[in-house]
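S.K.: Below is work39.csv; it holds CSV, C-alpha atoms.
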chain,number,residue,atom,x,y,z
X,1,MET,CA,29.1,-13.5,-21.2
X,2,MET,CA,29.2,-10.6,-23.7
X,3,ARG,CA,25.4,-10.8,-24.1
X,4,ARG,CA,24.9,-10.7,-20.4
X,5,ARG,CA,27.1,-7.6,-20.1
X,6,ALA,CA,25.3,-6.0,-23.0
X,7,PHE,CA,21.9,-6.5,-21.4
X,8,ARG,CA,23.2,-5.3,-18.0
X,9,TYR,CA,24.7,-2.1,-19.3
X,10,SER,CA,22.2,-1.0,-21.9
X,11,PRO,CA,18.6,-1.8,-21.0
X,12,TRP,CA,16.3,0.1,-23.2
X,13,ILE,CA,12.8,0.8,-21.9
X,14,PHE,CA,9.5,1.2,-23.6
X,15,HIS,CA,6.8,3.0,-21.8
X,16,LEU,CA,3.3,1.6,-22.1
X,17,HIS,CA,0.4,3.6,-20.7
X,18,CYS,CA,-2.7,1.6,-19.8
X,19,GLY,CA,-5.3,4.1,-18.5
X,20,GLY,CA,-4.9,5.7,-15.2
X,21,CYS,CA,-4.4,9.3,-14.1
X,22,ASN,CA,-1.0,10.0,-15.8
X,23,GLY,CA,0.7,10.6,-12.4
X,24,CYS,CA,3.1,7.6,-12.8
X,25,ASP,CA,3.8,8.7,-16.4
X,26,ILE,CA,4.9,12.1,-15.2
X,27,GLU,CA,7.1,10.5,-12.6
X,28,LEU,CA,8.6,8.2,-15.2
X,29,LEU,CA,9.4,11.2,-17.4
X,30,ALA,CA,11.0,12.8,-14.4
X,31,THR,CA,13.3,9.9,-14.0
X,32,LEU,CA,14.6,10.5,-17.6
X,33,THR,CA,15.5,14.1,-16.9
X,34,PRO,CA,19.1,15.3,-16.1
X,35,ARG,CA,18.1,15.4,-12.4
X,36,TYR,CA,18.2,11.7,-12.2
X,37,ASP,CA,20.1,11.1,-15.4
X,38,VAL,CA,19.4,7.4,-16.0
X,39,GLU,CA,21.5,7.4,-19.2
X,40,ARG,CA,24.5,7.1,-17.0
X,41,LEU,CA,23.1,3.6,-16.3
X,42,GLY,CA,22.5,3.0,-20.0
X,43,ILE,CA,18.8,3.3,-19.6
X,44,LYS,CA,17.2,4.8,-22.6
X,45,LEU,CA,13.6,5.4,-23.7
X,46,VAL,CA,12.9,4.0,-27.1
X,47,SER,CA,9.9,4.8,-29.3
X,48,SER,CA,9.2,1.2,-30.5
X,49,PRO,CA,8.6,-1.9,-28.5
X,50,ARG,CA,10.7,-3.8,-31.0
X,51,HIS,CA,13.8,-2.1,-29.8
X,52,ALA,CA,13.0,-2.5,-26.1
X,53,ASP,CA,14.3,-4.9,-23.4
X,54,ILE,CA,12.2,-3.6,-20.5
X,55,LEU,CA,8.5,-2.9,-20.8
X,56,VAL,CA,7.4,-0.3,-18.2
X,57,VAL,CA,3.6,-0.5,-17.7
X,58,THR,CA,1.5,2.1,-15.8
X,59,GLY,CA,-2.2,2.2,-15.2
X,60,PRO,CA,-5.0,-0.1,-14.2
X,61,MET,CA,-5.6,-1.7,-17.6
X,62,PRO,CA,-9.1,-1.0,-18.9
X,63,LYS,CA,-10.8,-3.6,-20.9
X,64,HIS,CA,-10.6,-1.9,-24.3
X,65,ILE,CA,-6.8,-1.6,-24.0
X,66,ILE,CA,-6.1,-5.4,-23.6
X,67,PRO,CA,-5.7,-6.3,-27.3
X,68,PHE,CA,-3.3,-3.4,-27.9
X,69,ALA,CA,-1.3,-4.1,-24.7
X,70,LYS,CA,-1.0,-7.8,-25.6
X,71,ARG,CA,0.2,-6.8,-29.0
X,72,VAL,CA,2.9,-4.5,-27.6
X,73,TYR,CA,3.9,-7.2,-25.2
X,74,GLU,CA,4.3,-9.7,-28.0
X,75,GLN,CA,6.3,-7.2,-30.1
X,76,VAL,CA,9.0,-6.9,-27.4
X,77,PRO,CA,11.8,-9.4,-28.3
X,78,GLU,CA,12.9,-12.1,-25.9
X,79,PRO,CA,14.3,-11.9,-23.3
X,80,LYS,CA,12.0,-9.3,-21.9
X,81,VAL,CA,11.1,-8.0,-18.5
X,82,VAL,CA,7.8,-6.3,-17.5
X,83,VAL,CA,7.9,-3.6,-14.7
X,84,ALA,CA,4.6,-2.6,-13.2
X,85,VAL,CA,4.9,1.0,-12.0
X,86,GLY,CA,2.4,2.4,-9.5
X,87,SER,CA,-0.3,0.8,-7.3
X,88,CYS,CA,-2.8,0.8,-10.2
X,89,ALA,CA,-0.5,-1.4,-12.3
X,90,CYS,CA,0.3,-3.6,-9.2
X,91,SER,CA,-3.2,-4.2,-7.9
X,92,GLY,CA,-5.8,-1.9,-9.5
X,93,GLY,CA,-5.3,0.7,-6.8
X,94,VAL,CA,-8.0,3.4,-6.5
X,95,PHE,CA,-9.7,2.3,-9.6
X,96,ALA,CA,-10.5,-1.2,-8.4
X,97,GLY,CA,-13.3,-1.3,-5.8
X,98,ILE,CA,-12.8,-1.9,-2.1
X,99,ASP,CA,-15.2,-4.8,-2.1
X,100,VAL,CA,-15.9,-7.6,-4.5
X,101,ASN,CA,-19.4,-6.1,-4.9
X,102,GLU,CA,-17.9,-2.7,-5.9
X,103,GLU,CA,-15.8,-3.9,-8.7
X,104,ASN,CA,-15.2,-1.5,-11.6
X,105,TYR,CA,-17.0,-2.7,-14.8
X,106,ALA,CA,-14.4,-1.2,-17.1
X,107,LEU,CA,-11.3,-2.8,-15.6
X,108,VAL,CA,-9.7,-6.3,-15.9
X,109,GLY,CA,-7.8,-5.6,-12.7
X,110,PRO,CA,-4.1,-5.7,-12.2
X,111,ILE,CA,-1.7,-6.1,-15.1
X,112,ASP,CA,-0.6,-9.6,-14.1
X,113,LYS,CA,-4.0,-10.9,-15.2
X,114,VAL,CA,-3.1,-9.9,-18.8
X,115,PHE,CA,0.6,-10.7,-19.0
X,116,PRO,CA,3.3,-11.8,-16.5
X,117,VAL,CA,4.9,-9.1,-14.4
X,118,ASP,CA,8.4,-9.4,-13.1
X,119,VAL,CA,8.9,-6.4,-11.0
X,120,TYR,CA,6.3,-4.5,-8.9
X,121,VAL,CA,6.9,-0.8,-8.0
X,122,PRO,CA,4.2,0.2,-5.5
X,123,GLY,CA,3.5,3.9,-4.8
X,124,CYS,CA,0.9,6.4,-5.9
X,125,PRO,CA,2.9,7.7,-7.7
X,126,PRO,CA,6.3,6.1,-6.9
X,127,LYS,CA,9.3,8.4,-6.4
X,128,PRO,CA,11.6,8.7,-9.4
X,129,GLU,CA,14.2,7.0,-7.2
X,130,ALA,CA,11.8,4.1,-6.5
X,131,ILE,CA,11.3,3.7,-10.3
X,132,ILE,CA,15.1,3.6,-10.8
X,133,GLN,CA,15.3,1.0,-8.1
X,134,GLY,CA,12.6,-1.0,-9.9
X,135,ILE,CA,14.4,-0.8,-13.2
X,136,ALA,CA,17.7,-1.8,-11.4
X,137,LYS,CA,15.9,-4.9,-10.2
X,138,ALA,CA,14.5,-5.5,-13.7
X,139,ILE,CA,18.1,-5.4,-15.0
X,140,GLN,CA,19.1,-8.1,-12.6
X,141,VAL,CA,16.2,-10.2,-13.8
X,142,LEU,CA,17.0,-9.4,-17.4
X,143,SER,CA,20.7,-10.5,-17.1
X,144,THR,CA,19.6,-13.9,-15.6
X,145,LYS,CA,17.0,-14.3,-18.3
X,146,ALA,CA,19.6,-13.5,-21.0
X,147,VAL,CA,21.7,-16.4,-19.9
X,148,SER,CA,18.9,-18.9,-19.5
X,149,SER,CA,16.6,-18.1,-22.5
X,150,LYS,CA,16.8,-20.5,-25.4
X,151,SER,CA,16.1,-18.0,-28.1
X,152,LEU,CA,19.5,-16.4,-27.7
X,153,ARG,CA,21.5,-19.6,-28.0
X,154,ARG,CA,22.5,-20.6,-31.4
T,155,MET,CA,24.2,39.3,-15.2
T,156,SER,CA,22.0,39.2,-12.1
T,157,ARG,CA,23.3,38.0,-8.8
T,158,ALA,CA,20.8,35.1,-8.5
T,159,LEU,CA,21.9,33.8,-11.9
T,160,MET,CA,25.6,34.0,-10.8
T,161,LYS,CA,24.7,32.1,-7.7
T,162,GLU,CA,23.1,29.3,-9.6
T,163,LEU,CA,26.0,29.1,-12.0
T,164,ILE,CA,28.5,28.8,-9.3
T,165,LYS,CA,26.3,26.2,-7.5
T,166,GLY,CA,26.1,24.3,-10.7
T,167,LEU,CA,29.9,24.3,-11.1
T,168,LEU,CA,30.6,23.3,-7.5
T,169,LYS,CA,28.0,20.5,-7.0
T,170,PRO,CA,26.7,18.1,-9.6
T,171,PHE,CA,23.0,18.6,-10.3
T,172,THR,CA,22.3,14.9,-10.8
T,173,ILE,CA,21.3,12.7,-7.9
T,174,GLY,CA,23.4,9.6,-8.1
T,175,TYR,CA,20.8,7.4,-6.6
T,176,PRO,CA,21.6,3.8,-7.1
T,177,SER,CA,25.3,4.1,-6.2
T,178,VAL,CA,27.4,1.8,-4.0
T,179,ALA,CA,26.4,1.4,-0.4
T,180,PRO,CA,28.2,4.1,1.5
T,181,ARG,CA,27.4,6.7,-1.1
T,182,LYS,CA,23.8,5.6,-1.7
T,183,TYR,CA,21.6,8.6,-1.3
T,184,ALA,CA,18.4,10.0,-2.5
T,185,GLN,CA,16.4,13.2,-2.1
T,186,ILE,CA,14.2,12.5,0.9
T,187,VAL,CA,11.9,15.3,1.9
T,188,GLU,CA,10.4,15.6,5.4
T,189,GLY,CA,6.9,14.1,5.4
T,190,LEU,CA,7.6,11.7,2.5
T,191,ARG,CA,5.2,8.8,2.8
T,192,GLY,CA,6.7,5.4,2.5
T,193,LYS,CA,6.3,1.9,4.1
T,194,HIS,CA,4.0,1.5,7.1
T,195,GLU,CA,5.5,1.2,10.6
T,196,VAL,CA,3.3,-0.5,13.1
T,197,GLN,CA,3.9,-0.6,16.9
T,198,GLU,CA,2.2,-3.8,17.6
T,199,ASP,CA,2.2,-3.4,21.4
T,200,LYS,CA,0.4,0.0,21.0
T,201,CYS,CA,-2.3,-1.3,18.5
T,202,ILE,CA,-5.6,-2.2,20.2
T,203,GLY,CA,-7.1,-3.7,17.0
T,204,CYS,CA,-10.1,-1.4,16.8
T,205,GLY,CA,-10.1,-1.5,13.0
T,206,ALA,CA,-10.6,2.2,12.5
T,207,CYS,CA,-7.8,2.2,9.9
T,208,ALA,CA,-9.3,-0.7,8.0
T,209,ARG,CA,-12.6,1.2,7.8
T,210,ARG,CA,-11.0,4.4,6.7
T,211,CYS,CA,-8.7,2.9,4.1
T,212,SER,CA,-9.6,4.3,0.7
T,213,THR,CA,-8.5,1.3,-1.5
T,214,GLY,CA,-9.1,-1.6,0.8
T,215,ALA,CA,-5.3,-2.2,1.2
T,216,LEU,CA,-5.6,-2.3,5.0
T,217,LYS,CA,-7.8,-5.3,5.8
T,218,LEU,CA,-9.3,-6.7,9.0
T,219,THR,CA,-10.1,-10.4,9.3
T,220,ASP,CA,-11.3,-12.3,12.4
T,221,HIS,CA,-10.5,-16.0,12.6
T,222,GLU,CA,-10.9,-18.1,15.7
T,223,PHE,CA,-10.3,-15.6,18.5
T,224,LYS,CA,-7.6,-13.9,16.5
T,225,ARG,CA,-7.9,-10.6,14.7
T,226,THR,CA,-5.4,-10.1,11.8
T,227,LEU,CA,-4.8,-6.7,10.4
T,228,SER,CA,-2.8,-6.6,7.1
T,229,VAL,CA,-1.5,-3.9,4.8
T,230,SER,CA,-0.9,-4.9,1.2
T,231,LEU,CA,1.6,-2.3,-0.1
T,232,LYS,CA,0.7,-3.1,-3.7
T,233,GLU,CA,-2.8,-1.7,-3.1
T,234,CYS,CA,-1.9,1.1,-0.7
T,235,ILE,CA,-1.8,4.6,-2.2
T,236,PHE,CA,-0.1,6.1,0.9
T,237,CYS,CA,-3.0,8.6,1.5
T,238,TYR,CA,-2.2,8.8,5.3
T,239,ARG,CA,-5.8,8.4,6.3
T,240,CYS,CA,-5.1,5.3,8.5
T,241,VAL,CA,-2.4,7.2,10.4
T,242,GLU,CA,-4.7,10.2,10.8
T,243,VAL,CA,-7.6,8.1,12.3
T,244,CYS,CA,-5.5,5.8,14.6
T,245,PRO,CA,-6.6,6.6,18.2
T,246,GLU,CA,-3.5,5.1,19.8
T,247,ASP,CA,-0.9,6.5,17.3
T,248,ALA,CA,0.3,3.0,16.6
T,249,LEU,CA,0.5,3.4,12.9
T,250,SER,CA,3.0,5.7,11.1
T,251,LEU,CA,4.5,6.0,7.7
T,252,SER,CA,8.3,5.8,7.4
T,253,THR,CA,10.4,7.4,4.7
T,254,ASP,CA,11.4,4.1,3.3
T,255,PHE,CA,10.4,4.4,-0.4
T,256,GLU,CA,12.5,1.5,-1.8
T,257,LEU,CA,9.6,-0.9,-2.3
T,258,ALA,CA,10.2,-2.3,-5.7
T,259,ARG,CA,10.1,-6.1,-5.5
T,260,THR,CA,10.4,-8.9,-8.0
T,261,ARG,CA,7.8,-11.6,-8.3
T,262,ASP,CA,9.7,-13.9,-5.9
T,263,GLU,CA,10.1,-11.3,-3.2
T,264,GLU,CA,6.4,-10.3,-3.4
T,265,ARG,CA,5.8,-11.5,0.2
T,266,ASP,CA,7.7,-8.5,1.5
T,267,LEU,CA,4.9,-6.2,0.4
T,268,GLU,CA,2.5,-7.5,3.0
T,269,ILE,CA,2.6,-6.3,6.6
T,270,LYS,CA,0.7,-8.4,9.1
T,271,TRP,CA,0.0,-8.1,12.8
T,272,MET,CA,-2.3,-9.9,15.2
T,273,ASN,CA,-4.5,-9.2,18.1
T,274,GLU,CA,-6.3,-11.5,20.5
T,275,LEU,CA,-10.1,-11.5,20.6
T,276,SER,CA,-11.9,-11.9,23.9
T,277,LYS,CA,-14.8,-14.3,24.6
T,278,CYS,CA,-18.3,-13.4,25.7
T,279,LEU,CA,-18.8,-14.4,29.3
T,280,ASN,CA,-22.3,-15.7,28.5
T,281,CYS,CA,-22.2,-17.5,25.1
T,282,GLY,CA,-18.5,-17.7,24.4
T,283,LYS,CA,-18.6,-16.0,21.0
T,284,PRO,CA,-15.8,-13.6,20.1
T,285,ILE,CA,-16.5,-9.9,20.7
T,286,THR,CA,-13.6,-7.5,20.1
T,287,THR,CA,-10.0,-7.5,21.1
T,288,SER,CA,-9.4,-7.6,24.9
T,289,LYS,CA,-7.1,-4.6,24.6
T,290,GLN,CA,-9.9,-2.5,23.1
T,291,ILE,CA,-12.3,-3.5,25.9
T,292,GLU,CA,-9.7,-2.5,28.4
T,293,ARG,CA,-9.1,0.8,26.8
T,294,VAL,CA,-12.8,1.6,26.5
T,295,ARG,CA,-13.2,0.8,30.3
T,296,GLU,CA,-10.3,3.1,31.1
T,297,ARG,CA,-11.8,5.9,29.1
T,298,VAL,CA,-15.3,5.6,30.5
T,299,ILE,CA,-14.0,5.6,34.1
T,300,GLU,CA,-11.9,8.7,33.4
T,301,ASN,CA,-15.0,10.7,32.6
T,302,ILE,CA,-17.1,9.6,35.5
T,303,ALA,CA,-17.7,11.5,38.7
T,304,PRO,CA,-15.5,10.1,41.5
T,305,GLN,CA,-18.4,9.0,43.8
T,306,ALA,CA,-19.9,6.7,41.1
T,307,LYS,CA,-16.5,5.3,39.9
T,308,GLY,CA,-16.4,2.2,42.1
T,309,VAL,CA,-19.8,0.9,41.2
T,310,ILE,CA,-19.6,1.6,37.5
T,311,ALA,CA,-16.1,0.1,37.2
T,312,GLU,CA,-17.5,-3.2,38.5
T,313,ASP,CA,-20.5,-3.0,36.3
T,314,LEU,CA,-18.4,-2.4,33.2
T,315,LYS,CA,-16.3,-5.5,33.9
T,316,VAL,CA,-19.4,-7.6,33.3
T,317,PHE,CA,-21.1,-5.5,30.6
T,318,LEU,CA,-18.1,-4.9,28.3
T,319,ASN,CA,-17.3,-8.6,28.4
T,320,TYR,CA,-20.7,-9.6,27.0
T,321,CYS,CA,-21.4,-9.8,23.3
T,322,PRO,CA,-24.0,-7.3,22.0
T,323,ALA,CA,-26.8,-9.8,21.9
T,324,CYS,CA,-26.2,-11.1,25.4
T,325,ARG,CA,-25.7,-7.6,26.7
T,326,LYS,CA,-29.2,-6.7,25.4
T,327,GLU,CA,-30.7,-9.7,27.2
T,328,LEU,CA,-28.9,-8.9,30.4
T,329,ALA,CA,-30.0,-5.3,30.2
T,330,TYR,CA,-33.6,-6.3,29.7
T,331,LYS,CA,-33.4,-8.7,32.7
T,332,LEU,CA,-32.0,-6.0,34.9
T,333,GLY,CA,-34.4,-3.4,33.7
T,334,PHE,CA,-31.9,-1.1,31.9
T,335,HIS,CA,-33.0,-1.8,28.3
T,336,PRO,CA,-34.7,1.3,26.7
T,337,ALA,CA,-37.4,-1.0,25.1
T,338,LYS,CA,-38.9,-1.4,28.6
T,339,TYR,CA,-39.3,2.3,28.9
T,340,TYR,CA,-40.9,2.6,25.5
T,341,LEU,CA,-43.4,-0.1,26.6
T,342,VAL,CA,-44.3,1.9,29.7
T,343,LEU,CA,-44.7,5.1,27.7
T,344,SER,CA,-47.0,3.5,25.1
T,345,THR,CA,-49.2,1.9,27.7
T,346,ARG,CA,-49.5,5.3,29.4
T,347,ASN,CA,-50.6,6.9,26.3
T,348,VAL,CA,-53.3,4.4,25.7
T,349,THR,CA,-54.8,4.6,29.1
In structure tokens, what does this structure look like?

M.R.:
Amino acid sequence: MMRRRAFRYSPWIFHLHCGGCNGCDIELLATLTPRYDVERLGIKLVSSPRHADILVVTGPMPKHIIPFAKRVYEQVPEPKVVVAVGSCACSGGVFAGIDVNEENYALVGPIDKVFPVDVYVPGCPPKPEAIIQGIAKAIQVLSTKAVSSKSLRR
Amino acid sequence: MSRALMKELIKGLLKPFTIGYPSVAPRKYAQIVEGLRGKHEVQEDKCIGCGACARRCSTGALKLTDHEFKRTLSVSLKECIFCYRCVEVCPEDALSLSTDFELARTRDEERDLEIKWMNELSKCLNCGKPITTSKQIERVRERVIENIAPQAKGVIAEDLKVFLNYCPACRKELAYKLGFHPAKYYLVLSTRNVT
């Protein structure tokens, strides 16, 4: 019970940038400003993935970033939730081609081909409010995961 | 201290600067500007299924698929970048973007991010293959008749009923049979040049 409360009231996020145009990153930084003041929800940006609960991923995931992204994903302790912010992270967006023939040679595609994504936040870029809604959904997923995951039970 | 600064100070004291976005239902509010592009709104009775939106789409989010006399148009919001081009190009103003920006979904709710609507395809009178949607054929007929001189209206309206309900290949054959096809004129011209 205590653990569930702790996860619900202090989700720490780590921001992972995987290519892209930086638009989503700027919106993500805008959500952390006093205008939206996410610290009233306990959301805090941390500088190490080892401290994080929620991994916020932006960008279309180029091929050369895969090993680093995987390493960061593995460094986040269980239970963890991945939020894909922006249409690039959700599906490849403008960077993926329209046809199968027009596929981009430098991309793997959406992020869920590399590691499982729990919450999708579409938008190009999404509004700060939409990102907050996505993180709120991620907190719900996190609190259910915190109860069910075996790693926390002793 | 300048007047503008005083104004800002007083404003700051009276009203909180923070937008309390995910608050409880009655007080739930967000900053929504006019012209904010959010989820698509489709008026299915207005849509004629011409597929102009699918052709104009910049990421391939809006797709057109024909299957057994049914044309399906679908928008995948995960791919959409809300560039407004589909709304711009729609000839019937059936598409619009609402200000609904709350599109975050978990993996289980992913189905909500797909909007689908259908249109019936019409059969070719000669060979029975699908042509385009019956609504589009009707609209084209209306538009053609609008721009025709009143004395020729009756004849052409009856002709169009046949011609528009033929598939392109059959229409060519029919035109050739009736002597409308331009290839015949080319033939005549070429023979004239030789002799």

S.K.: So, with all atoms listed in the file as the atoms that count, which of T:Val294, T:Leu231, T:Leu168, T:Ile202 lies closest to chain X?

M.R.: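 Answer, going by the shortest atom-to-atom distance: T:Leu231.
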
S.K.: Using only C-alpha atoms, find each residue of chain X with at least one atom at most 9 Å away from an atom of chain T; report its shortest atom-to-atom pair and that distance in Å (one decimal), sort the rows by chain and rising residue number, and return the result as JSON lines.

M.R.:
{"residue": "X:Pro34", "atom": "CA", "partner": "T:Thr172", "partner_atom": "CA", "distance": 6.2}
{"residue": "X:Arg35", "atom": "CA", "partner": "T:Thr172", "partner_atom": "CA", "distance": 4.5}
{"residue": "X:Tyr36", "atom": "CA", "partner": "T:Thr172", "partner_atom": "CA", "distance": 5.4}
{"residue": "X:Asp37", "atom": "CA", "partner": "T:Thr172", "partner_atom": "CA", "distance": 6.4}
{"residue": "X:Val83", "atom": "CA", "partner": "T:Thr260", "partner_atom": "CA", "distance": 8.9}
{"residue": "X:Val85", "atom": "CA", "partner": "T:Ala258", "partner_atom": "CA", "distance": 8.9}
{"residue": "X:Gly86", "atom": "CA", "partner": "T:Lys232", "partner_atom": "CA", "distance": 8.2}
{"residue": "X:Ser87", "atom": "CA", "partner": "T:Lys232", "partner_atom": "CA", "distance": 5.4}
{"residue": "X:Cys88", "atom": "CA", "partner": "T:Glu233", "partner_atom": "CA", "distance": 7.5}
{"residue": "X:Ala89", "atom": "CA", "partner": "T:Lys232", "partner_atom": "CA", "distance": 8.8}
{"residue": "X:Cys90", "atom": "CA", "partner": "T:Lys232", "partner_atom": "CA", "distance": 5.5}
{"residue": "X:Ser91", "atom": "CA", "partner": "T:Glu233", "partner_atom": "CA", "distance": 5.4}
{"residue": "X:Gly92", "atom": "CA", "partner": "T:Glu233", "partner_atom": "CA", "distance": 7.1}
{"residue": "X:Gly93", "atom": "CA", "partner": "T:Glu233", "partner_atom": "CA", "distance": 5.1}
{"residue": "X:Val94", "atom": "CA", "partner": "T:Thr213", "partner_atom": "CA", "distance": 5.4}
{"residue": "X:Phe95", "atom": "CA", "partner": "T:Thr213", "partner_atom": "CA", "distance": 8.2}
{"residue": "X:Ala96", "atom": "CA", "partner": "T:Thr213", "partner_atom": "CA", "distance": 7.6}
{"residue": "X:Gly97", "atom": "CA", "partner": "T:Thr213", "partner_atom": "CA", "distance": 6.9}
{"residue": "X:Ile98", "atom": "CA", "partner": "T:Gly214", "partner_atom": "CA", "distance": 4.7}
{"residue": "X:Asp99", "atom": "CA", "partner": "T:Gly214", "partner_atom": "CA", "distance": 7.5}
{"residue": "X:Val117", "atom": "CA", "partner": "T:Arg261", "partner_atom": "CA", "distance": 7.2}
{"residue": "X:Asp118", "atom": "CA", "partner": "T:Arg261", "partner_atom": "CA", "distance": 5.3}
{"residue": "X:Val119", "atom": "CA", "partner": "T:Thr260", "partner_atom": "CA", "distance": 4.2}
{"residue": "X:Tyr120", "atom": "CA", "partner": "T:Arg259", "partner_atom": "CA", "distance": 5.3}
{"residue": "X:Val121", "atom": "CA", "partner": "T:Ala258", "partner_atom": "CA", "distance": 4.3}
{"residue": "X:Pro122", "atom": "CA", "partner": "T:Lys232", "partner_atom": "CA", "distance": 5.1}
{"residue": "X:Gly123", "atom": "CA", "partner": "T:Ile235", "partner_atom": "CA", "distance": 5.9}
{"residue": "X:Cys124", "atom": "CA", "partner": "T:Ile235", "partner_atom": "CA", "distance": 4.9}
{"residue": "X:Pro125", "atom": "CA", "partner": "T:Ile235", "partner_atom": "CA", "distance": 7.9}
{"residue": "X:Pro126", "atom": "CA", "partner": "T:Phe255", "partner_atom": "CA", "distance": 7.9}
{"residue": "X:Lys127", "atom": "CA", "partner": "T:Phe255", "partner_atom": "CA", "distance": 7.3}
{"residue": "X:Glu129", "atom": "CA", "partner": "T:Tyr175", "partner_atom": "CA", "distance": 6.6}
{"residue": "X:Ala130", "atom": "CA", "partner": "T:Glu256", "partner_atom": "CA", "distance": 5.4}
{"residue": "X:Ile131", "atom": "CA", "partner": "T:Ala258", "partner_atom": "CA", "distance": 7.6}
{"residue": "X:Ile132", "atom": "CA", "partner": "T:Pro176", "partner_atom": "CA", "distance": 7.5}
{"residue": "X:Gln133", "atom": "CA", "partner": "T:Ala258", "partner_atom": "CA", "distance": 6.5}
{"residue": "X:Gly134", "atom": "CA", "partner": "T:Ala258", "partner_atom": "CA", "distance": 5.0}
{"residue": "X:Ile135", "atom": "CA", "partner": "T:Ala258", "partner_atom": "CA", "distance": 8.7}
{"residue": "X:Ala136", "atom": "CA", "partner": "T:Pro176", "partner_atom": "CA", "distance": 8.1}
{"residue": "X:Lys137", "atom": "CA", "partner": "T:Thr260", "partner_atom": "CA", "distance": 7.1}
{"residue": "X:Ala138", "atom": "CA", "partner": "T:Thr260", "partner_atom": "CA", "distance": 7.8}
{"residue": "X:Val141", "atom": "CA", "partner": "T:Thr260", "partner_atom": "CA", "distance": 8.3}

S.K.: From the list X:Leu45, X:Ile54, X:Cys21, X:Tyr105, which residue is nearest Pro79 (chain X) when using all atoms listed in the file?

M.R.: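 Smallest distance to Pro79 (chain X) is found for X:Ile54.
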
S.K.: Could you jot down the CA of Val114 (chain X) to CA of Pro67 (chain X) separation for me, Å, one decimal place?

M.R.: 9.6 Å

S.K.: Work out how far apart CA of Thr144 (chain X) and CA of Asp53 (chain X) are and give it in Å to one decimal.

M.R.: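 Between CA of Thr144 (chain X) and CA of Asp53 (chain X) the gap works out to 13.0 Å.
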
S.K.: Can you pull out every residue within 12 Å of Pro284 (chain T), counting all atoms listed in the file, but drop anything in the same chain fewer than 2 positions away, and send it as a PyMOL selection string?

M.R.: chain T and resi 220-225+274-282+286-288+319-324

S.K.: As a VMD selection string, please: the residues near Cys240 (chain T) (cut-off 7 Å, all atoms listed in the file, same-chain neighbours under 2 positions excluded).

M.R.: chain T and resid 207 210 to 211 238 242 to 244

S.K.: One decimal, in Å: what's the spacing between CA of Cys201 (chain T) and CA of Met272 (chain T)?

M.R.: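 Taking CA of Cys201 (chain T) as the start and CA of Met272 (chain T) as the end point, the length is 9.2 Å.
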
S.K.: Give me the residues within 12 Å of Leu332 (chain T) as JSON, numbers by chain, counting all atoms listed in the file and dropping any in the same chain fewer than 6 places off.

M.R.: {"T": [313, 317, 325, 326, 338]}

S.K.: Please produce a file of the residues just selected, as a compact mmCIF listing (two decimals), in the coordinates of the input, where the atoms kept are C-alpha atoms.

M.R.:
# COMPACT_ATOMS: atom_id res chain seq x y z
CA ASP T 313 -20.50 -3.00 36.30
CA PHE T 317 -21.10 -5.50 30.60
CA ARG T 325 -25.70 -7.60 26.70
CA LYS T 326 -29.20 -6.70 25.40
CA LYS T 338 -38.90 -1.40 28.60

S.K.: For Ile13 (chain X), which residue out of X:Ser143, X:Asn104, X:Thr58, X:Ser48 is the nearest one, using only C-alpha atoms?

M.R.: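 Once distances to Ile13 (chain X) are computed over only C-alpha atoms, the minimum belongs to X:Ser48.
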
S.K.: Which residues come within 9 Å of Ile66 (chain X), counting all atoms listed in the file, excluding same-chain residues fewer than 4 positions away, as a list in words?

M.R.: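 The residues satisfying every condition are Cys18, Met61, Pro62, Lys70, Arg71, Val108 and Val114 of chain X.
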
S.K.: Considering only C-alpha atoms, return as a PyMOL selection string whatever protein or nucleic-acid residues lie within 12 Å of Ile299 (chain T), sequence-local ones (same chain, fewer than 2 positions apart) excluded.

M.R.: chain T and resi 292-297+301-315

S.K.: (14.2, -10.2, -19.7) in this file's frame - what residues fall within 6 Å of it? Use only C-alpha atoms and give the answer as a PDB file with C-alpha atoms, in the frame of the given file.

M.R.:
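point-v9.pdb, freshly written:
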ATOM      1  CA  PRO X  79      14.300 -11.900 -23.300  1.00  0.00           C
ATOM      2  CA  LYS X  80      12.000  -9.300 -21.900  1.00  0.00           C
ATOM      3  CA  VAL X  81      11.100  -8.000 -18.500  1.00  0.00           C
ATOM      4  CA  LEU X 142      17.000  -9.400 -17.400  1.00  0.00           C
ATOM      5  CA  LYS X 145      17.000 -14.300 -18.300  1.00  0.00           C
TER       6      LYS X 145
END
